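To start, the structure under review is shown below, and the notes come after it.
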Amino acid sequence: MRFQRNILITGGAGFIGSHLVRLFVNKYPEYQIINLDKLTYAGNLSNLKDVENKPNYNFVKVDICDFETIQKVFADYQINSVIHLAAESHVDRSIKDPFAFAKTNVMGTLNLLETARQAWQNTENQNLFYHVSTDEVYGSLEFDNTLFTEETKYDPHSPYSASKASSDHFVRAYHDTYGLPIVISNCSNNYGSFQFPEKLIPLFINNILKNKPLPVYGKGENVRDWLFVEDHTRAIDLIFHKGKIGDTYNIGGFNEWKNIDLIKVMIKTVDKLLGRQEGESEKLITYVTDRAGHDLRYAIDSSKLKNELGWEPSLQFEEGIEKTVRWYLENQEWLDNITSGDYRKYYQEMYG
Ligand code: NAD
Ligand code: DAU
């Protein structure tokens, strides 16, 4: 079968990537989706059980740092679009092992860019390199009314955000220097199903469930702007199809929460759904040493995306967090498999 587009989605076995793969495979049977993922600790193919047998879905286990194999994948599948999500994504891990972040997030991205440049230089196809990035590249805001816009100067503070900022610069450089058709989006904190339980929301839901301490960094006063993951993938879909080549789009929820307030909402929701007394699990809150270089506040101005492409978040936070908590409660096996590492054994037999 000849497909209208052959789209390489990198990092498709991760949290946001798996939601994006599911959306594209189901919504666009005319597109062939190639999910390329190294299956690090964060990649879990069981996130995609419901689409793994669809005729327009393929999986390849490849490291984006392996230039030759990336070139082969481009040739084998005649790749004409890329949506690049593969990355080391957890700030705390970047503080412990910055090299892994430079390798995957910077060199891995450069491998993909160079492969796309070579593969597409003499084609007249509709090509696009879509780079999925983060609001953390803009640094940190004070407790005031300012927001990150697409014009905000880059000012990353963690090895993670420095590596993502660097990859964004390479993507723009490939556009400005070689004319590679690119688009970038910078999104705020995502939450929803299938998120690895090292990130705040799934970690805390899991700990509340198991009556384990909830490690709040510093005084819990840092602020994040939370967006439901399916609102993010809907924005990616829109930007992929209608975004202006060479442009950047900010994606955010207009939904700022101080960590400690968010944690109390989570506790209330989990306690309610488990039939515990309201606020019972607040005793699990444990203040711990702050994260080094901890950014104070993130908040995104996504009005460009709203005004130009008509995107808005669809879910109110209270609805989204309840939906998310319910998912983790109903999928405790997924949580247990991931925390014990069992999810890896099953796919290791297939993919090594
Ligand atoms: P994740 O950690 O859940 O998933 C990352 C995926 O990339 C995993 O499947 C992993 O196996 C794969 N991967 C890692 N290194 C690889 C390599 N060398 N080669 C091939 N695959 C590799 O991450 P996520 O939270 O889904 O984030 C996805 C992207 O979105 C990242 O680029 C991240 O910077 C960006 N982002 C995330 C958020 C968020 O809140 N999670 C917000 C904005 C932007
Ligand atoms: O803003 C987008 C970014 O959001 C993405 O680019 C990153 O990939 C993603 O991991 C996320 O980064 P954060 O550092 O904001 O997310 P995290 O879930 O790690 O932490 C959210 C907040 O909660 C942050 O202020 C640190 C705090 N925290 C986190 C953990 C894991 C705690 O207080 N305790 C914890 O145990």
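Lettering and numbering for the structure tokens are positional, with chains as A, B, ... in the shown order, residues counted from 1 in each chain, and ligands counted from 1 in the shown order.
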Taking 4 positions as the minimum chain separation for residues in the same chain, which residues sit within 9 Å of A:Trp334 when counting only C-alpha atoms? Answer as a VMD selection string.
chain A and resid 46 to 47 194 328 338 to 339 343
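Using only C-alpha atoms, the protein and nucleic acid residues lying no more than 12 Å from A:Pro159, apart from those fewer than 5 places from it along its own chain, are Glu88, Ser89, His90, Val91, Asp92, Arg93, Ser94, Ile95, Lys96, Asp97, Pro98, Phe99, Ala100, Phe101, Ala102, Lys103, Asn105, Val106, Glu136, Val137, Gly139, Lys164, Ala165, Ser166, Ala292, Gly293 and His294 of chain A.
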Please produce an output containing N, CA, C and O atoms for each residue in the selection, written as a compact mmCIF listing (two decimals), in the first residue's frame.
```txt
# COMPACT_ATOMS: atom_id res chain seq x y z
N GLU A 88 16.21 12.37 26.55
CA GLU A 88 16.27 12.19 28.00
C GLU A 88 15.47 13.35 28.56
O GLU A 88 15.75 14.51 28.22
N SER A 89 14.48 13.07 29.42
CA SER A 89 13.50 14.11 29.73
C SER A 89 13.40 14.50 31.20
O SER A 89 12.63 15.40 31.54
N HIS A 90 14.15 13.84 32.09
CA HIS A 90 13.92 14.12 33.52
C HIS A 90 15.04 14.97 34.12
O HIS A 90 16.21 14.57 34.14
N VAL A 91 14.66 16.14 34.63
CA VAL A 91 15.62 17.12 35.15
C VAL A 91 16.54 16.52 36.21
O VAL A 91 17.77 16.71 36.18
N ASP A 92 15.97 15.76 37.16
CA ASP A 92 16.80 15.21 38.24
C ASP A 92 17.88 14.27 37.69
O ASP A 92 19.01 14.26 38.17
N ARG A 93 17.52 13.49 36.67
CA ARG A 93 18.52 12.60 36.07
C ARG A 93 19.62 13.41 35.38
O ARG A 93 20.78 13.02 35.34
N SER A 94 19.24 14.56 34.81
CA SER A 94 20.24 15.37 34.09
C SER A 94 21.27 15.95 35.05
O SER A 94 22.41 16.22 34.67
N ILE A 95 20.86 16.15 36.30
CA ILE A 95 21.79 16.69 37.31
C ILE A 95 22.82 15.61 37.67
O ILE A 95 23.99 15.89 37.88
N LYS A 96 22.36 14.35 37.64
CA LYS A 96 23.27 13.23 37.98
C LYS A 96 24.14 12.81 36.80
O LYS A 96 25.27 12.40 36.98
N ASP A 97 23.61 12.89 35.58
CA ASP A 97 24.34 12.38 34.42
C ASP A 97 24.16 13.30 33.21
O ASP A 97 23.48 12.94 32.24
N PRO A 98 24.78 14.49 33.23
CA PRO A 98 24.57 15.45 32.14
C PRO A 98 25.03 14.94 30.77
O PRO A 98 24.46 15.31 29.74
N PHE A 99 26.04 14.05 30.75
CA PHE A 99 26.57 13.58 29.46
C PHE A 99 25.50 12.85 28.64
O PHE A 99 25.41 13.01 27.43
N ALA A 100 24.70 12.05 29.33
CA ALA A 100 23.65 11.30 28.62
C ALA A 100 22.70 12.27 27.93
O ALA A 100 22.18 11.99 26.84
N PHE A 101 22.48 13.42 28.56
CA PHE A 101 21.54 14.40 28.01
C PHE A 101 22.14 15.11 26.80
O PHE A 101 21.46 15.34 25.79
N ALA A 102 23.44 15.44 26.89
CA ALA A 102 24.10 16.08 25.75
C ALA A 102 24.12 15.10 24.57
O ALA A 102 23.85 15.47 23.42
N LYS A 103 24.38 13.83 24.89
CA LYS A 103 24.51 12.83 23.83
C LYS A 103 23.18 12.66 23.07
O LYS A 103 23.11 12.86 21.87
N ASN A 105 20.12 14.32 23.49
CA ASN A 105 19.30 15.48 23.14
C ASN A 105 19.99 16.38 22.11
O ASN A 105 19.32 16.98 21.27
N VAL A 106 21.31 16.46 22.19
CA VAL A 106 22.01 17.33 21.23
C VAL A 106 22.51 16.51 20.04
O VAL A 106 22.08 16.73 18.90
N GLU A 136 11.18 24.94 29.33
CA GLU A 136 12.31 25.11 30.26
C GLU A 136 13.49 25.83 29.62
O GLU A 136 14.36 26.34 30.33
N VAL A 137 13.52 25.88 28.28
CA VAL A 137 14.63 26.59 27.60
C VAL A 137 14.61 28.08 27.93
O VAL A 137 15.62 28.76 27.85
N GLY A 139 14.11 29.40 30.83
CA GLY A 139 14.61 29.68 32.17
C GLY A 139 13.51 29.77 33.18
O GLY A 139 12.62 28.93 33.20
N LYS A 164 18.19 20.77 25.72
CA LYS A 164 17.04 21.03 24.84
C LYS A 164 17.22 22.37 24.12
O LYS A 164 16.90 22.49 22.92
N ALA A 165 17.75 23.38 24.82
CA ALA A 165 17.99 24.68 24.17
C ALA A 165 18.97 24.50 23.02
O ALA A 165 18.76 25.03 21.92
N SER A 166 20.01 23.73 23.27
CA SER A 166 21.02 23.50 22.24
C SER A 166 20.39 22.80 21.02
O SER A 166 20.66 23.18 19.87
N ALA A 292 18.76 21.13 42.90
CA ALA A 292 19.79 22.13 42.57
C ALA A 292 19.33 22.94 41.34
O ALA A 292 18.82 22.35 40.38
N GLY A 293 19.50 24.24 41.41
CA GLY A 293 19.14 25.10 40.27
C GLY A 293 17.65 25.11 39.96
O GLY A 293 17.26 25.39 38.82
N HIS A 294 16.83 24.81 40.96
CA HIS A 294 15.38 24.64 40.76
C HIS A 294 14.72 25.91 40.21
O HIS A 294 14.67 26.93 40.90
```
Using only C-alpha atoms, determine which residues lie at most 12 Å from A:Arg276, disregarding the query and same-chain residues fewer than 4 positions distant; provide the list as a VMD selection string.
chain A and resid 208 to 209 211 267 to 272 280 to 282
Closest contacts (chain A/ligand 1, max 6 Å, only C-alpha atoms and all ligand atoms) as JSON lines:
```
{"residue": "A:Gly11", "atom": "CA", "partner": "ligand 1", "partner_atom_place_in_ligand_line": "7 (O)", "distance": 3.6}
{"residue": "A:Gly12", "atom": "CA", "partner": "ligand 1", "partner_atom_place_in_ligand_line": "9 (O)", "distance": 5.7}
{"residue": "A:Ala13", "atom": "CA", "partner": "ligand 1", "partner_atom_place_in_ligand_line": "9 (O)", "distance": 4.0}
{"residue": "A:Gly14", "atom": "CA", "partner": "ligand 1", "partner_atom_place_in_ligand_line": "9 (O)", "distance": 3.3}
{"residue": "A:Phe15", "atom": "CA", "partner": "ligand 1", "partner_atom_place_in_ligand_line": "26 (O)", "distance": 3.7}
{"residue": "A:Ile16", "atom": "CA", "partner": "ligand 1", "partner_atom_place_in_ligand_line": "26 (O)", "distance": 3.7}
{"residue": "A:Gly17", "atom": "CA", "partner": "ligand 1", "partner_atom_place_in_ligand_line": "26 (O)", "distance": 5.3}
{"residue": "A:Asp37", "atom": "CA", "partner": "ligand 1", "partner_atom_place_in_ligand_line": "21 (N)", "distance": 3.8}
{"residue": "A:Lys38", "atom": "CA", "partner": "ligand 1", "partner_atom_place_in_ligand_line": "20 (C)", "distance": 3.9}
{"residue": "A:Leu39", "atom": "CA", "partner": "ligand 1", "partner_atom_place_in_ligand_line": "11 (O)", "distance": 3.7}
{"residue": "A:Thr40", "atom": "CA", "partner": "ligand 1", "partner_atom_place_in_ligand_line": "11 (O)", "distance": 3.9}
{"residue": "A:Ala42", "atom": "CA", "partner": "ligand 1", "partner_atom_place_in_ligand_line": "8 (C)", "distance": 4.6}
{"residue": "A:Gly43", "atom": "CA", "partner": "ligand 1", "partner_atom_place_in_ligand_line": "9 (O)", "distance": 3.2}
{"residue": "A:Val62", "atom": "CA", "partner": "ligand 1", "partner_atom_place_in_ligand_line": "20 (C)", "distance": 5.8}
{"residue": "A:Asp63", "atom": "CA", "partner": "ligand 1", "partner_atom_place_in_ligand_line": "19 (N)", "distance": 3.5}
{"residue": "A:Ile64", "atom": "CA", "partner": "ligand 1", "partner_atom_place_in_ligand_line": "19 (N)", "distance": 4.0}
{"residue": "A:Cys65", "atom": "CA", "partner": "ligand 1", "partner_atom_place_in_ligand_line": "18 (N)", "distance": 5.6}
{"residue": "A:Leu85", "atom": "CA", "partner": "ligand 1", "partner_atom_place_in_ligand_line": "32 (O)", "distance": 4.1}
{"residue": "A:Ala86", "atom": "CA", "partner": "ligand 1", "partner_atom_place_in_ligand_line": "7 (O)", "distance": 3.6}
{"residue": "A:Ala87", "atom": "CA", "partner": "ligand 1", "partner_atom_place_in_ligand_line": "14 (C)", "distance": 4.4}
{"residue": "A:Glu88", "atom": "CA", "partner": "ligand 1", "partner_atom_place_in_ligand_line": "14 (C)", "distance": 5.1}
{"residue": "A:Ser89", "atom": "CA", "partner": "ligand 1", "partner_atom_place_in_ligand_line": "2 (O)", "distance": 4.7}
{"residue": "A:Thr104", "atom": "CA", "partner": "ligand 1", "partner_atom_place_in_ligand_line": "18 (N)", "distance": 4.7}
{"residue": "A:Val132", "atom": "CA", "partner": "ligand 1", "partner_atom_place_in_ligand_line": "32 (O)", "distance": 5.5}
{"residue": "A:Ser133", "atom": "CA", "partner": "ligand 1", "partner_atom_place_in_ligand_line": "44 (C)", "distance": 4.7}
{"residue": "A:Thr134", "atom": "CA", "partner": "ligand 1", "partner_atom_place_in_ligand_line": "44 (C)", "distance": 3.9}
{"residue": "A:Cys187", "atom": "CA", "partner": "ligand 1", "partner_atom_place_in_ligand_line": "43 (C)", "distance": 4.3}
{"residue": "A:Ser188", "atom": "CA", "partner": "ligand 1", "partner_atom_place_in_ligand_line": "42 (C)", "distance": 5.1}
{"residue": "A:Asn189", "atom": "CA", "partner": "ligand 1", "partner_atom_place_in_ligand_line": "40 (O)", "distance": 3.6}
{"residue": "A:Asn190", "atom": "CA", "partner": "ligand 1", "partner_atom_place_in_ligand_line": "40 (O)", "distance": 3.8}
{"residue": "A:Phe196", "atom": "CA", "partner": "ligand 1", "partner_atom_place_in_ligand_line": "3 (O)", "distance": 6.0}
```
Write as a VMD selection string the residues around ligand 2, taking 9 Å as the cut-off and counting only C-alpha atoms and all ligand atoms.
chain A and resid 87 to 92 133 to 137 160 to 161 164 186 to 191 197 to 204 214 to 226 258 to 260 263 287 to 288 290 to 291 294 to 299
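With distances restricted to only C-alpha atoms, A:Asp66 is the closest residue to A:Thr109 from A:Asp231, A:Asp342, A:Asp66, A:Glu150.
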